Structure formats: C-alpha cells, structure tokens
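As stored in model37.csv (CSV, C-alpha atoms):
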chain,number,residue,atom,x,y,z
A,1,MET,CA,0.0,0.0,0.0
A,2,ALA,CA,1.4,3.4,-1.0
A,3,LYS,CA,2.3,5.8,1.7
A,4,LYS,CA,0.1,8.9,2.1
A,5,THR,CA,1.9,12.1,1.0
A,6,ALA,CA,2.5,14.3,4.0
A,7,GLN,CA,0.4,17.5,3.9
A,8,LYS,CA,2.4,20.7,3.5
A,9,ARG,CA,2.1,22.6,6.7
A,10,ASP,CA,1.7,26.4,6.3
A,11,GLY,CA,1.9,27.0,10.1
A,12,VAL,CA,-1.8,27.9,10.5
A,13,TYR,CA,-4.1,25.2,11.9
A,14,GLN,CA,-7.0,24.4,14.2
A,15,ARG,CA,-7.1,22.0,17.0
A,16,ARG,CA,-9.9,19.5,17.9
A,17,ASP,CA,-9.5,20.0,21.6
A,18,ARG,CA,-9.3,23.8,21.7
A,19,PRO,CA,-11.3,26.2,19.5
A,20,GLY,CA,-9.7,29.1,17.5
A,21,TRP,CA,-6.8,29.5,15.1
A,22,TRP,CA,-3.3,28.4,16.0
A,23,ILE,CA,0.0,29.3,14.4
A,24,SER,CA,3.5,27.7,14.5
A,25,TRP,CA,6.9,28.9,13.4
A,26,THR,CA,10.6,28.5,14.1
A,27,ASP,CA,12.3,31.2,16.0
A,28,ALA,CA,15.8,32.7,15.5
A,29,GLN,CA,17.4,30.0,17.6
A,30,GLY,CA,15.8,27.2,15.6
A,31,ARG,CA,13.2,26.3,18.3
A,32,ARG,CA,9.7,25.4,17.3
A,33,LYS,CA,7.0,27.8,18.7
A,34,PHE,CA,3.3,27.7,18.6
A,35,ARG,CA,0.4,29.7,20.2
A,36,LYS,CA,-3.2,30.5,19.9
A,37,THR,CA,-4.2,33.7,18.1
A,38,ASP,CA,-7.3,35.9,18.4
A,39,ALA,CA,-7.9,35.6,14.6
A,40,GLN,CA,-11.4,35.2,13.4
A,41,ASN,CA,-10.5,33.5,10.1
A,42,ILE,CA,-7.5,31.9,8.4
A,43,THR,CA,-6.5,35.1,6.6
A,44,GLN,CA,-6.1,36.9,9.9
A,45,ALA,CA,-4.2,34.0,11.3
A,46,LYS,CA,-1.7,34.0,8.4
A,47,ALA,CA,-1.2,37.7,8.9
A,48,ILE,CA,-0.3,37.2,12.6
A,49,ARG,CA,2.1,34.4,11.7
A,50,ALA,CA,3.7,36.6,9.1
A,51,ALA,CA,4.3,39.2,11.8
A,52,GLU,CA,6.0,36.6,13.9
A,53,LEU,CA,8.2,35.5,11.0
A,54,LEU,CA,9.2,39.2,10.5
A,55,ASN,CA,10.3,39.3,14.2
A,56,VAL,CA,12.4,36.2,13.6
A,57,GLU,CA,14.2,37.9,10.8
A,58,LYS,CA,14.8,41.0,12.9
A,59,ALA,CA,16.1,38.9,15.7
A,60,ARG,CA,18.6,37.2,13.3
A,61,MET,CA,19.8,40.6,12.1
A,62,LEU,CA,20.1,42.1,15.6
A,63,GLY,CA,21.4,39.0,17.3
A,64,HIS,CA,18.5,39.0,19.8
A,65,ASN,CA,14.8,39.2,19.9
A,66,PRO,CA,13.3,42.7,19.7
A,67,PRO,CA,11.5,43.8,22.9
A,68,GLY,CA,7.9,42.8,23.2
A,69,LYS,CA,4.9,45.0,23.9
A,70,ASP,CA,4.0,43.4,27.2
A,71,THR,CA,3.4,45.7,30.2
A,72,PHE,CA,5.0,45.1,33.6
A,73,GLY,CA,1.6,44.1,35.0
A,74,GLU,CA,1.1,41.4,32.3
A,75,VAL,CA,4.5,39.9,32.9
A,76,ALA,CA,3.9,40.1,36.7
A,77,ASP,CA,0.8,37.9,36.2
A,78,ARG,CA,2.9,35.3,34.4
A,79,TYR,CA,5.7,35.6,37.0
A,80,LEU,CA,3.3,34.9,39.9
A,81,LYS,CA,1.8,32.0,38.1
A,82,TYR,CA,5.4,30.7,37.6
A,83,GLN,CA,6.2,31.2,41.3
A,84,ARG,CA,3.0,29.7,42.6
A,85,ALA,CA,4.1,26.3,41.4
A,86,ARG,CA,7.5,26.6,43.0
A,87,LEU,CA,6.9,28.3,46.4
A,88,THR,CA,5.2,27.2,49.6
A,89,PRO,CA,1.8,28.9,50.2
A,90,LYS,CA,3.2,31.3,52.8
A,91,ALA,CA,6.2,32.2,50.6
A,92,TYR,CA,3.9,32.7,47.6
A,93,GLU,CA,1.6,35.0,49.7
A,94,ARG,CA,4.6,37.2,50.6
A,95,GLU,CA,5.8,37.2,47.0
A,96,GLU,CA,2.4,38.2,45.7
A,97,SER,CA,2.1,41.0,48.3
A,98,ILE,CA,5.4,42.4,47.1
A,99,VAL,CA,4.5,42.3,43.4
A,100,ARG,CA,0.9,43.5,43.7
A,101,ILE,CA,1.4,46.2,46.3
A,102,HIS,CA,5.0,47.4,46.4
A,103,LEU,CA,5.9,47.0,42.7
A,104,ALA,CA,2.5,48.4,41.6
A,105,PRO,CA,4.1,51.7,40.4
A,106,PHE,CA,5.6,49.7,37.4
A,107,SER,CA,2.3,48.0,36.5
A,108,ASN,CA,1.2,50.1,33.6
A,109,LEU,CA,4.6,50.7,32.1
A,110,LYS,CA,5.7,48.8,29.1
A,111,LEU,CA,8.3,46.3,30.3
A,112,SER,CA,10.9,47.2,27.6
A,113,SER,CA,10.6,50.9,28.6
A,114,ILE,CA,11.8,50.4,32.2
A,115,ARG,CA,15.4,51.5,32.6
A,116,LYS,CA,18.1,50.9,35.2
A,117,ALA,CA,17.7,54.5,36.4
A,118,ASP,CA,13.9,53.8,37.1
A,119,ILE,CA,14.8,50.9,39.3
A,120,GLN,CA,17.5,52.8,41.1
A,121,ARG,CA,15.0,55.6,41.8
A,122,TYR,CA,12.5,53.1,43.1
A,123,VAL,CA,15.0,51.6,45.5
A,124,THR,CA,16.0,55.1,46.8
A,125,GLU,CA,12.4,56.2,47.4
A,126,ALA,CA,11.4,52.9,48.9
A,127,THR,CA,14.4,52.9,51.3
A,128,GLY,CA,13.2,56.2,52.7
A,129,ALA,CA,9.7,54.7,53.4
A,130,ARG,CA,10.4,51.2,54.5
A,131,ALA,CA,12.9,49.1,56.3
A,132,PRO,CA,16.1,48.2,54.2
A,133,ALA,CA,15.3,44.5,54.7
A,134,SER,CA,11.9,44.9,53.0
A,135,VAL,CA,13.4,46.9,50.1
A,136,ARG,CA,16.0,44.1,49.6
A,137,LYS,CA,13.2,41.6,49.2
A,138,GLU,CA,11.4,43.8,46.8
A,139,LEU,CA,14.5,44.3,44.7
A,140,THR,CA,15.2,40.5,44.7
A,141,ALA,CA,11.7,39.8,43.4
A,142,LEU,CA,12.1,42.6,40.7
A,143,LYS,CA,15.4,41.1,39.6
A,144,HIS,CA,14.0,37.6,39.4
A,145,LEU,CA,11.0,38.9,37.3
A,146,PHE,CA,13.3,40.7,34.8
A,147,ARG,CA,15.6,37.6,34.6
A,148,LEU,CA,12.6,35.4,33.7
A,149,ALA,CA,11.4,38.0,31.2
A,150,VAL,CA,14.8,37.7,29.4
A,151,GLU,CA,14.4,33.9,29.4
A,152,TRP,CA,10.9,34.2,28.0
A,153,GLU,CA,12.3,36.5,25.3
A,154,ILE,CA,10.1,39.4,26.2
A,155,ILE,CA,13.1,41.7,26.6
A,156,PRO,CA,16.7,41.2,25.4
A,157,VAL,CA,18.5,42.2,28.7
A,158,SER,CA,17.5,42.9,32.3
A,159,PRO,CA,17.6,46.6,33.4
A,160,ALA,CA,17.9,45.4,37.0
A,161,VAL,CA,21.4,44.0,36.6
A,162,GLY,CA,23.9,45.9,38.8
A,163,VAL,CA,21.3,47.7,40.9
A,164,THR,CA,22.5,47.5,44.5
A,165,SER,CA,20.3,46.8,47.5
A,166,PRO,CA,20.3,49.1,50.6
A,167,LYS,CA,22.8,47.9,53.1
A,168,PRO,CA,21.1,45.7,55.7
A,169,PRO,CA,21.3,46.7,59.4
A,170,ALA,CA,23.4,44.6,61.7
A,171,GLY,CA,21.5,41.5,62.7
A,172,ARG,CA,19.6,41.9,66.0
A,173,VAL,CA,20.8,39.7,68.8
A,174,ARG,CA,18.7,39.9,72.0
A,175,TYR,CA,18.9,37.1,74.5
A,176,LEU,CA,18.2,36.3,78.1
A,177,GLN,CA,20.4,35.0,80.9
A,178,PRO,CA,19.3,31.6,82.2
A,179,THR,CA,18.0,33.1,85.4
A,180,GLU,CA,15.8,35.5,83.4
A,181,MET,CA,14.6,32.7,81.2
A,182,ARG,CA,13.7,30.6,84.2
A,183,ALA,CA,11.6,33.4,85.7
A,184,LEU,CA,10.0,34.0,82.3
A,185,LEU,CA,8.9,30.4,81.9
A,186,GLU,CA,7.5,30.3,85.5
A,187,ALA,CA,5.4,33.4,84.7
A,188,CYS,CA,3.9,32.0,81.5
A,189,PRO,CA,0.5,30.5,81.6
A,190,ALA,CA,-0.1,26.8,80.8
A,191,GLY,CA,0.3,26.2,77.1
A,192,LEU,CA,2.4,29.2,76.4
A,193,ARG,CA,5.0,27.9,78.9
A,194,GLU,CA,5.4,24.7,76.8
A,195,ILE,CA,5.6,26.7,73.6
A,196,ALA,CA,8.2,29.1,74.9
A,197,ALA,CA,10.2,26.2,76.5
A,198,LEU,CA,10.3,24.4,73.2
A,199,ALA,CA,11.4,27.6,71.4
A,200,VAL,CA,14.3,28.3,73.7
A,201,SER,CA,15.4,24.6,73.9
A,202,THR,CA,15.4,23.9,70.1
A,203,GLY,CA,15.6,27.3,68.4
A,204,MET,CA,12.4,26.5,66.4
A,205,ARG,CA,10.4,29.3,64.9
A,206,ARG,CA,6.9,30.2,66.2
A,207,GLY,CA,5.2,28.9,63.0
A,208,GLU,CA,7.2,25.6,63.1
A,209,ILE,CA,6.1,25.0,66.7
A,210,LEU,CA,2.4,25.8,66.1
A,211,SER,CA,2.2,23.7,63.0
A,212,LEU,CA,3.7,20.6,64.8
A,213,ARG,CA,1.6,17.5,64.6
A,214,TYR,CA,1.8,14.5,66.8
A,215,LEU,CA,3.1,12.4,64.0
A,216,ASP,CA,6.1,14.8,63.5
A,217,VAL,CA,7.4,14.0,67.0
A,218,ASP,CA,9.5,10.8,67.5
A,219,LEU,CA,10.1,10.6,71.2
A,220,SER,CA,11.8,7.2,71.1
A,221,ASN,CA,14.6,8.7,69.0
A,222,ARG,CA,14.3,12.2,70.6
A,223,ARG,CA,13.7,14.1,67.4
A,224,ILE,CA,11.2,16.1,65.4
A,225,CYS,CA,10.8,15.7,61.7
A,226,LEU,CA,9.6,19.0,60.1
A,227,PRO,CA,8.2,18.2,56.7
A,228,GLN,CA,8.5,21.8,55.5
A,229,THR,CA,10.0,24.9,57.0
A,230,LYS,CA,10.1,28.6,56.2
A,231,ASN,CA,12.7,27.9,53.5
A,232,GLY,CA,10.5,25.2,51.9
A,233,ASP,CA,12.9,22.4,53.1
A,234,GLY,CA,12.4,19.7,55.6
A,235,ARG,CA,14.5,19.7,58.8
A,236,VAL,CA,15.2,17.3,61.7
A,237,ILE,CA,15.2,18.8,65.2
A,238,HIS,CA,17.0,16.9,67.9
A,239,LEU,CA,15.4,17.1,71.3
A,240,ASN,CA,17.4,17.8,74.5
A,241,ASP,CA,16.0,17.0,78.0
A,242,MET,CA,14.0,20.2,78.3
A,243,ALA,CA,12.3,19.7,74.9
A,244,ALA,CA,11.5,16.1,75.7
A,245,MET,CA,10.0,17.2,79.0
A,246,VAL,CA,7.7,19.5,77.1
A,247,PHE,CA,6.2,16.6,75.1
A,248,ASP,CA,6.0,14.5,78.2
A,249,SER,CA,3.8,17.2,79.8
A,250,VAL,CA,1.6,17.5,76.7
A,251,GLY,CA,0.9,13.8,76.7
A,252,TRP,CA,-0.9,11.5,74.3
A,253,ASN,CA,-4.2,9.7,74.9
A,254,GLU,CA,-6.5,7.2,73.1
A,255,GLU,CA,-8.4,10.0,71.4
A,256,THR,CA,-5.3,11.6,70.0
A,257,LYS,CA,-5.1,11.6,66.2
A,258,LEU,CA,-1.6,11.6,64.8
A,259,GLY,CA,-2.5,14.2,62.2
A,260,ASP,CA,-3.7,16.7,64.9
A,261,ARG,CA,-1.7,19.8,65.8
A,262,ILE,CA,-0.2,19.6,69.2
A,263,PHE,CA,-0.8,23.3,70.0
A,264,ALA,CA,-4.1,23.6,68.1
A,265,ASP,CA,-5.5,26.0,70.8
A,266,TRP,CA,-3.0,28.7,70.0
A,267,THR,CA,-2.8,31.1,67.0
A,268,PRO,CA,0.4,33.0,66.1
A,269,ASP,CA,-1.0,36.3,67.3
A,270,GLN,CA,-2.2,34.9,70.6
A,271,VAL,CA,1.3,33.5,71.3
A,272,SER,CA,3.0,36.8,70.5
A,273,MET,CA,0.6,39.0,72.5
A,274,ALA,CA,0.5,36.7,75.6
A,275,PHE,CA,4.3,36.5,75.5
A,276,VAL,CA,4.6,40.3,75.4
A,277,ARG,CA,2.3,40.6,78.4
A,278,VAL,CA,4.4,38.2,80.4
A,279,CYS,CA,7.6,40.1,79.5
A,280,ARG,CA,6.0,43.4,80.6
A,281,SER,CA,4.9,41.9,83.9
A,282,LEU,CA,8.5,41.0,84.6
A,283,GLN,CA,9.9,44.3,83.2
A,284,ILE,CA,11.8,42.5,80.5
A,285,VAL,CA,12.1,45.2,77.8
A,286,ASN,CA,12.7,44.9,74.1
A,287,PHE,CA,12.2,41.2,74.0
A,288,HIS,CA,9.9,39.3,71.6
A,289,PHE,CA,8.9,35.7,71.1
A,290,HIS,CA,11.3,35.4,68.2
A,291,ASP,CA,14.2,36.4,70.5
A,292,LEU,CA,13.8,33.0,72.1
A,293,ARG,CA,15.4,31.6,68.9
A,294,HIS,CA,18.2,34.1,69.4
A,295,THR,CA,18.6,33.0,73.0
A,296,ALA,CA,18.9,29.4,72.0
A,297,ALA,CA,21.6,30.3,69.4
A,298,SER,CA,23.4,32.6,71.8
A,299,TRP,CA,23.6,29.9,74.5
A,300,MET,CA,24.9,27.3,72.0
A,301,ARG,CA,27.6,29.7,70.8
A,302,MET,CA,28.7,30.6,74.4
A,303,ARG,CA,29.0,26.9,75.1
A,304,GLY,CA,31.4,26.5,72.2
A,305,ALA,CA,29.2,25.4,69.3
A,306,ASP,CA,30.6,26.8,66.0
A,307,THR,CA,28.4,29.0,63.8
A,308,HIS,CA,28.1,26.4,61.1
A,309,THR,CA,26.5,24.0,63.6
A,310,VAL,CA,24.3,26.7,65.0
A,311,GLY,CA,23.1,27.5,61.4
A,312,GLN,CA,22.3,23.9,60.7
A,313,ILE,CA,20.3,23.6,63.9
A,314,LEU,CA,18.3,26.8,63.2
A,315,GLY,CA,17.8,25.9,59.6
A,316,HIS,CA,19.7,28.8,58.1
A,317,ARG,CA,20.4,28.6,54.3
A,318,ASP,CA,22.9,31.4,54.4
A,319,ALA,CA,25.9,31.1,56.7
A,320,ARG,CA,25.8,34.8,57.2
A,321,SER,CA,22.6,34.5,59.2
A,322,ALA,CA,24.4,32.6,61.9
A,323,ALA,CA,27.5,34.9,61.8
A,324,ARG,CA,25.6,37.4,64.0
A,325,TYR,CA,26.4,35.1,67.0
A,326,GLN,CA,30.1,35.0,66.2
A,327,HIS,CA,31.2,37.3,69.1
A,328,LEU,CA,29.3,35.3,71.8
A,329,SER,CA,31.9,32.6,72.3
A,330,ALA,CA,34.8,34.5,74.0
A,331,GLU,CA,36.5,31.4,75.3
A,332,PHE,CA,36.4,29.7,71.9
A,333,LEU,CA,37.9,32.7,70.2
A,334,ALA,CA,40.5,33.2,72.9
A,335,ASP,CA,41.6,29.6,72.5
A,336,ALA,CA,41.9,30.0,68.7
A,337,VAL,CA,44.1,33.2,69.1
A,338,GLY,CA,46.2,31.3,71.7
A,339,LYS,CA,47.1,28.8,69.1
A,340,LEU,CA,49.2,31.5,67.4
A,341,ASP,CA,51.7,31.1,70.2
A,342,ALA,CA,52.9,27.9,68.6
A,343,VAL,CA,54.2,29.9,65.6
A,344,PHE,CA,56.9,31.6,67.8
A,345,GLY,CA,58.0,28.4,69.5
A,346,PRO,CA,58.3,27.3,73.1
A,347,LYS,CA,60.1,30.5,74.2
A,348,SER,CA,56.9,32.4,73.8
A,349,ALA,CA,55.4,30.8,76.9
A,350,GLU,CA,58.6,31.3,78.9
A,351,ASN,CA,58.9,35.0,78.1
A,352,GLY,CA,55.4,36.2,78.3
A,353,GLY,CA,56.4,39.7,79.2
A,354,LYS,CA,58.9,40.0,76.4
A,355,ARG,CA,58.3,41.0,72.8
A,356,TYR,CA,59.5,39.8,69.4
A,357,GLN,CA,61.4,42.0,67.1
A,358,ASP,CA,62.4,41.3,63.5
A,359,VAL,CA,66.2,41.4,63.3
A,360,THR,CA,68.2,40.5,60.2
A,361,GLY,CA,65.1,38.8,58.7
A,362,GLN,CA,64.7,36.4,61.7
A,363,LEU,CA,62.5,36.6,64.8
A,364,ALA,CA,64.7,37.4,67.8
A,365,LEU,CA,63.6,37.6,71.4
A,366,THR,CA,64.3,40.9,73.1
A,367,ASP,CA,63.2,42.6,76.3
A,368,GLY,CA,63.8,46.1,74.8
A,369,SER,CA,67.2,46.7,76.4
A,370,ASP,CA,70.3,47.7,74.5
A,371,THR,CA,72.3,44.5,73.8
A,372,SER,CA,75.1,46.0,71.9
A,373,ASP,CA,78.8,45.6,73.1
Can you give me the file's structure in the form of structure tokens?
Amino acid sequence: MAKKTAQKRDGVYQRRDRPGWWISWTDAQGRRKFRKTDAQNITQAKAIRAAELLNVEKARMLGHNPPGKDTFGEVADRYLKYQRARLTPKAYEREESIVRIHLAPFSNLKLSSIRKADIQRYVTEATGARAPASVRKELTALKHLFRLAVEWEIIPVSPAVGVTSPKPPAGRVRYLQPTEMRALLEACPAGLREIAALAVSTGMRRGEILSLRYLDVDLSNRRICLPQTKNGDGRVIHLNDMAAMVFDSVGWNEETKLGDRIFADWTPDQVSMAFVRVCRSLQIVNFHFHDLRHTAASWMRMRGADTHTVGQILGHRDARSAARYQHLSAEFLADAVGKLDAVFGPKSAENGGKRYQDVTGQLALTDGSDTSD
C-alpha cells in the first residue's frame, strides 16, 4: 500500500480539543514555537504568523529578539503563576504581596521601557519609606522577574542587573540569661509555657512550633521531623532533655489523632501577645517571642558550638545569618588566638612579658634593652 503524502504545513491550523486559530513557526534560535491567536479567520491567522516571522528575521539581524509589547503588569501575572508552582503557600503569599502592592508603580509601564535609572530611583524612594530588609526583598523579586522576562524572550536584557540593594542593618541579637529565662517560663500560663520552652530549647520558629503534629514527633529517637520549614525544606530537630519534658507534659491519649496539631488552641497572634504581656509583667524590655530563637543560638555559641553547627540547627540557608552570633563565644575565640603562640616556638610561653622583634630577617627575642657591646 502506497504511503500517504504528507500534507504541507503552512503554520496555520485548528485543534480539535481547543477552538480558535493556532500558528506555529521556528524562532531565530531554531526552536519550534506555537500559540493560539485571536484571529477570526484563516486570513487573519496568516497575517499574525507573518508578523512573527518578521520578528524572527529582525532577531537574526540584531542577534537577539526585539522587545515585546507586554506591560509590567502582564508579565507580573505570568511571573506569579510561575512562582505559585514553586513556592510554599506562605512564601507565595509574601511574593504576591510584594508584586501586587510594592511593585505596583511599574504595573502600567511597558516592560521594555523600564530603565536601570527607574529601578534605582524606586530603591532610593522605597528605602526612605520602608525598612532596608523589606526593600531588599522587593528588589530581589524585581530582579527575578526581569531575569525570567529575558528567558521568556520578552526583553533582550534585564535593566535590574547591577542595581545595588540598601545595606542591611546589623542582625539583631537579644537574648536572656538563664535566670531571666527561668523566671519568664514560670510566669507563662499553661500552654504558652510549653511553647516558649520548646522555642528556647530547640531554636524553632513560632510557625514551626504551632504547626507541629503528633506524627512529627519521634520521642523514642528524641527528634522532630519537620516536613516543611520557612525555606521550603524539611529539617530534623534533635530534642534535649528540656524539649523532651515539654512533650511528656503535653501527653498523648487514646483520642489523640496523629494528624492533629499539638498546640491547636493557639494562634500566632495569641502567642505573641500573651508573651509580650508576660515580659511586661517581669519588666523584661525589648524582648519578643522570636528572641527565644536568638537566645537558643546565643547559648549554644557561648557553650562552644561553631556558627556552622548553629546555622544547621536553626535551619539557616545562608551562613551569614548565623554569623551574628560570632562574638558570643569568647573562650572559643581566645583559644583560637592562643594557638598562634605555637608559631613563635616554646620561648613564647617562657617569656610572656617579652616581645618579638624582627632582626636581620629572623624573629629574635628581646626585652627592649640595649644588647650592643
């Protein structure tokens, strides 16, 4: 049986599963493209395809695709759709808030018309109105959006490249002494006491504690398995004696369902407000619930734990986040500096009050007196 001759494709077609006229073409990089048009008939569809082919020829001549006509708002919609599939619900909610509210001044502008100077001006004005940390997040989202717009061939280059973020303030480190912490826990009402004790004994975030389910806790192996954290990753929390006592006091019974939240009676706002009231009653100023996390990290550092270990326990992605606790282990740092004595040899310990002076290219021990004949 003779083979059927393949029909010559002109790049304009209709689909059985979706109505309307579709076009296909090959772009300047040799990749096959296709999309639905708003054409009412085949003649209009061919005209739209011809326009796409003209853009391909321009791209080949210029070496890149010419800028599209999309507005920032239109690209932002596509960007958020892209991010929704890749972020946790809470992270997406924050991202959407940044794009819809803070980046709204760009919405009606043609994306290709936005220049580096426009973004720099935005950063300057935003820094005067909001915290530097907030502006840094906005600029990060803006750079990501423009980077994707380049990948999507909407614009040839990103105007956000090279725009610098405002300098972040020094990381806040506020922690309590053990005696203060003991008094604070004793003053907390039932329920809040267990939540606060778990925070200071593990360094867990408020949201991580309140979302804990019974099935996340493995008391036999003294650990908690968090399926998803703020960063979107899972994390294992190892329990010390204090943390284990918290779960012993909570208790399990026959009616307990493994999927239930352990602290289901508390909301984030209730925890924060109740904690502030307790601090005020004890005249503990400038201390918030999140500072329990700083307290846990500070105590670990002062007991000799290195910043890398502290960062792993707290679930930091960036090592710089744990660097704020670097100064809190004086003995550890003093011991490290003491190791430099070995460079000068055993005489360094015997002549602690002396000093070294470079003589004829070698280190010679001298007490500062004149040793000439």
Determine, counting all atoms listed in the file, which protein, DNA and RNA residues have an atom within 12 Å of an atom of Asp118 in chain A; residues of the same chain fewer than 6 positions away are not included. Present the result as a list in words. Leu103, Pro105, Phe106, Leu109, Leu111, Ser112, Thr124, Glu125, Leu142, Pro159, Ala160 and Val163 of chain A
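Using only C-alpha atoms, the nearest neighbour of Asp27 in chain A within the list A:Leu54, A:Val271, A:Val161, A:Val217 is A:Leu54.
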Would you work out the distance separating CA of Lys33 in chain A from CA of Phe146 in chain A, expressed in Å to one decimal? 21.6 Å
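For the atom pair formed by CA of Val150 in chain A and CA of Val75 in chain A, the distance is 11.1 Å, given to one decimal.
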Please tell me which residues are no farther than 12 Å from (-6.1, 22.9, 14.0) in the file, counting all atoms listed in the file, and write them as a VMD selection string. chain A and resid 9 to 24 34 to 37 42 45
Neighbours of Glu74 in chain A within 12 Å (all atoms listed in the file; same-chain residues fewer than 6 positions away dropped), as a ChimeraX atom specification? /A:68,80-81,99-100,104,106-111,145,149,154
Long-range neighbours of Ala197 in chain A as a VMD selection string, 9 Å cut-off, all atoms listed in the file, 4 positions minimum in chain: chain A and resid 185 192 to 193 201 to 202 242 to 243 246 292
Have a look at CA of Lys257 in chain A and CA of Ser211 in chain A and let me know their distance in Å, one decimal. 14.5 Å
Need the shell around Phe275 in chain A: protein/DNA/RNA residues with any atom at most 9 Å away, counting only C-alpha atoms. Skip same-chain ones fewer than 3 positions apart. Format as number ranges by chain? A: 188, 192, 196, 270-272, 278-280, 288-289
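Closest approach to Asn286 in chain A among A:Met181, A:Ala117, A:Leu210, A:Leu176 is made by A:Leu176 (distances from all atoms listed in the file).
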What would range 73-99 of chain A look like with N, CA and C atoms in place, written as a short mmCIF file (atom, residue, chain, number, x, y, z; two decimals), in the coordinates of the input?
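File written: result_37.cif
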data_model
loop_
_atom_site.label_atom_id
_atom_site.label_comp_id
_atom_site.auth_asym_id
_atom_site.auth_seq_id
_atom_site.Cartn_x
_atom_site.Cartn_y
_atom_site.Cartn_z
N GLY A 73 2.66 44.77 34.33
CA GLY A 73 1.60 44.10 35.00
C GLY A 73 1.26 42.73 34.33
N GLU A 74 1.32 42.68 33.00
CA GLU A 74 1.10 41.40 32.30
C GLU A 74 2.14 40.39 32.57
N VAL A 75 3.39 40.84 32.59
CA VAL A 75 4.50 39.90 32.90
C VAL A 75 4.44 39.51 34.36
N ALA A 76 4.00 40.42 35.22
CA ALA A 76 3.90 40.10 36.70
C ALA A 76 2.88 38.98 36.87
N ASP A 77 1.78 38.99 36.13
CA ASP A 77 0.80 37.90 36.20
C ASP A 77 1.44 36.57 35.87
N ARG A 78 2.20 36.57 34.80
CA ARG A 78 2.90 35.30 34.40
C ARG A 78 3.93 34.93 35.40
N TYR A 79 4.63 35.90 35.95
CA TYR A 79 5.70 35.60 37.00
C TYR A 79 5.05 34.98 38.21
N LEU A 80 3.93 35.50 38.67
CA LEU A 80 3.30 34.90 39.90
C LEU A 80 2.76 33.54 39.61
N LYS A 81 2.27 33.31 38.42
CA LYS A 81 1.80 32.00 38.10
C LYS A 81 3.00 31.00 38.09
N TYR A 82 4.13 31.46 37.61
CA TYR A 82 5.40 30.70 37.60
C TYR A 82 5.79 30.38 39.07
N GLN A 83 5.74 31.39 39.92
CA GLN A 83 6.20 31.20 41.30
C GLN A 83 5.22 30.40 42.14
N ARG A 84 3.94 30.45 41.86
CA ARG A 84 3.00 29.70 42.60
C ARG A 84 3.28 28.20 42.62
N ALA A 85 3.78 27.72 41.49
CA ALA A 85 4.10 26.30 41.40
C ALA A 85 5.41 25.92 42.03
N ARG A 86 6.15 26.91 42.51
CA ARG A 86 7.50 26.60 43.00
C ARG A 86 7.69 27.04 44.48
N LEU A 87 6.76 27.80 45.04
CA LEU A 87 6.90 28.30 46.40
C LEU A 87 5.88 27.65 47.33
N THR A 88 6.18 27.67 48.62
CA THR A 88 5.20 27.20 49.60
C THR A 88 4.07 28.26 49.64
N PRO A 89 2.89 27.90 50.12
CA PRO A 89 1.80 28.90 50.20
C PRO A 89 2.12 30.17 50.87
N LYS A 90 2.81 30.08 52.01
CA LYS A 90 3.20 31.30 52.80
C LYS A 90 4.19 32.13 52.00
N ALA A 91 5.17 31.45 51.39
CA ALA A 91 6.20 32.20 50.60
C ALA A 91 5.55 32.84 49.40
N TYR A 92 4.59 32.15 48.77
CA TYR A 92 3.90 32.70 47.60
C TYR A 92 3.08 33.95 48.04
N GLU A 93 2.45 33.85 49.19
CA GLU A 93 1.60 35.00 49.70
C GLU A 93 2.51 36.22 49.90
N ARG A 94 3.71 36.03 50.43
CA ARG A 94 4.60 37.20 50.60
C ARG A 94 5.07 37.71 49.23
N GLU A 95 5.36 36.81 48.31
CA GLU A 95 5.80 37.20 47.00
C GLU A 95 4.70 38.00 46.25
N GLU A 96 3.49 37.52 46.35
CA GLU A 96 2.40 38.20 45.70
C GLU A 96 2.14 39.57 46.29
N SER A 97 2.29 39.68 47.61
CA SER A 97 2.10 41.00 48.30
C SER A 97 3.16 41.97 47.76
N ILE A 98 4.39 41.52 47.57
CA ILE A 98 5.40 42.40 47.10
C ILE A 98 5.11 42.88 45.66
N VAL A 99 4.72 41.94 44.80
CA VAL A 99 4.50 42.30 43.40
C VAL A 99 3.22 43.14 43.24
#
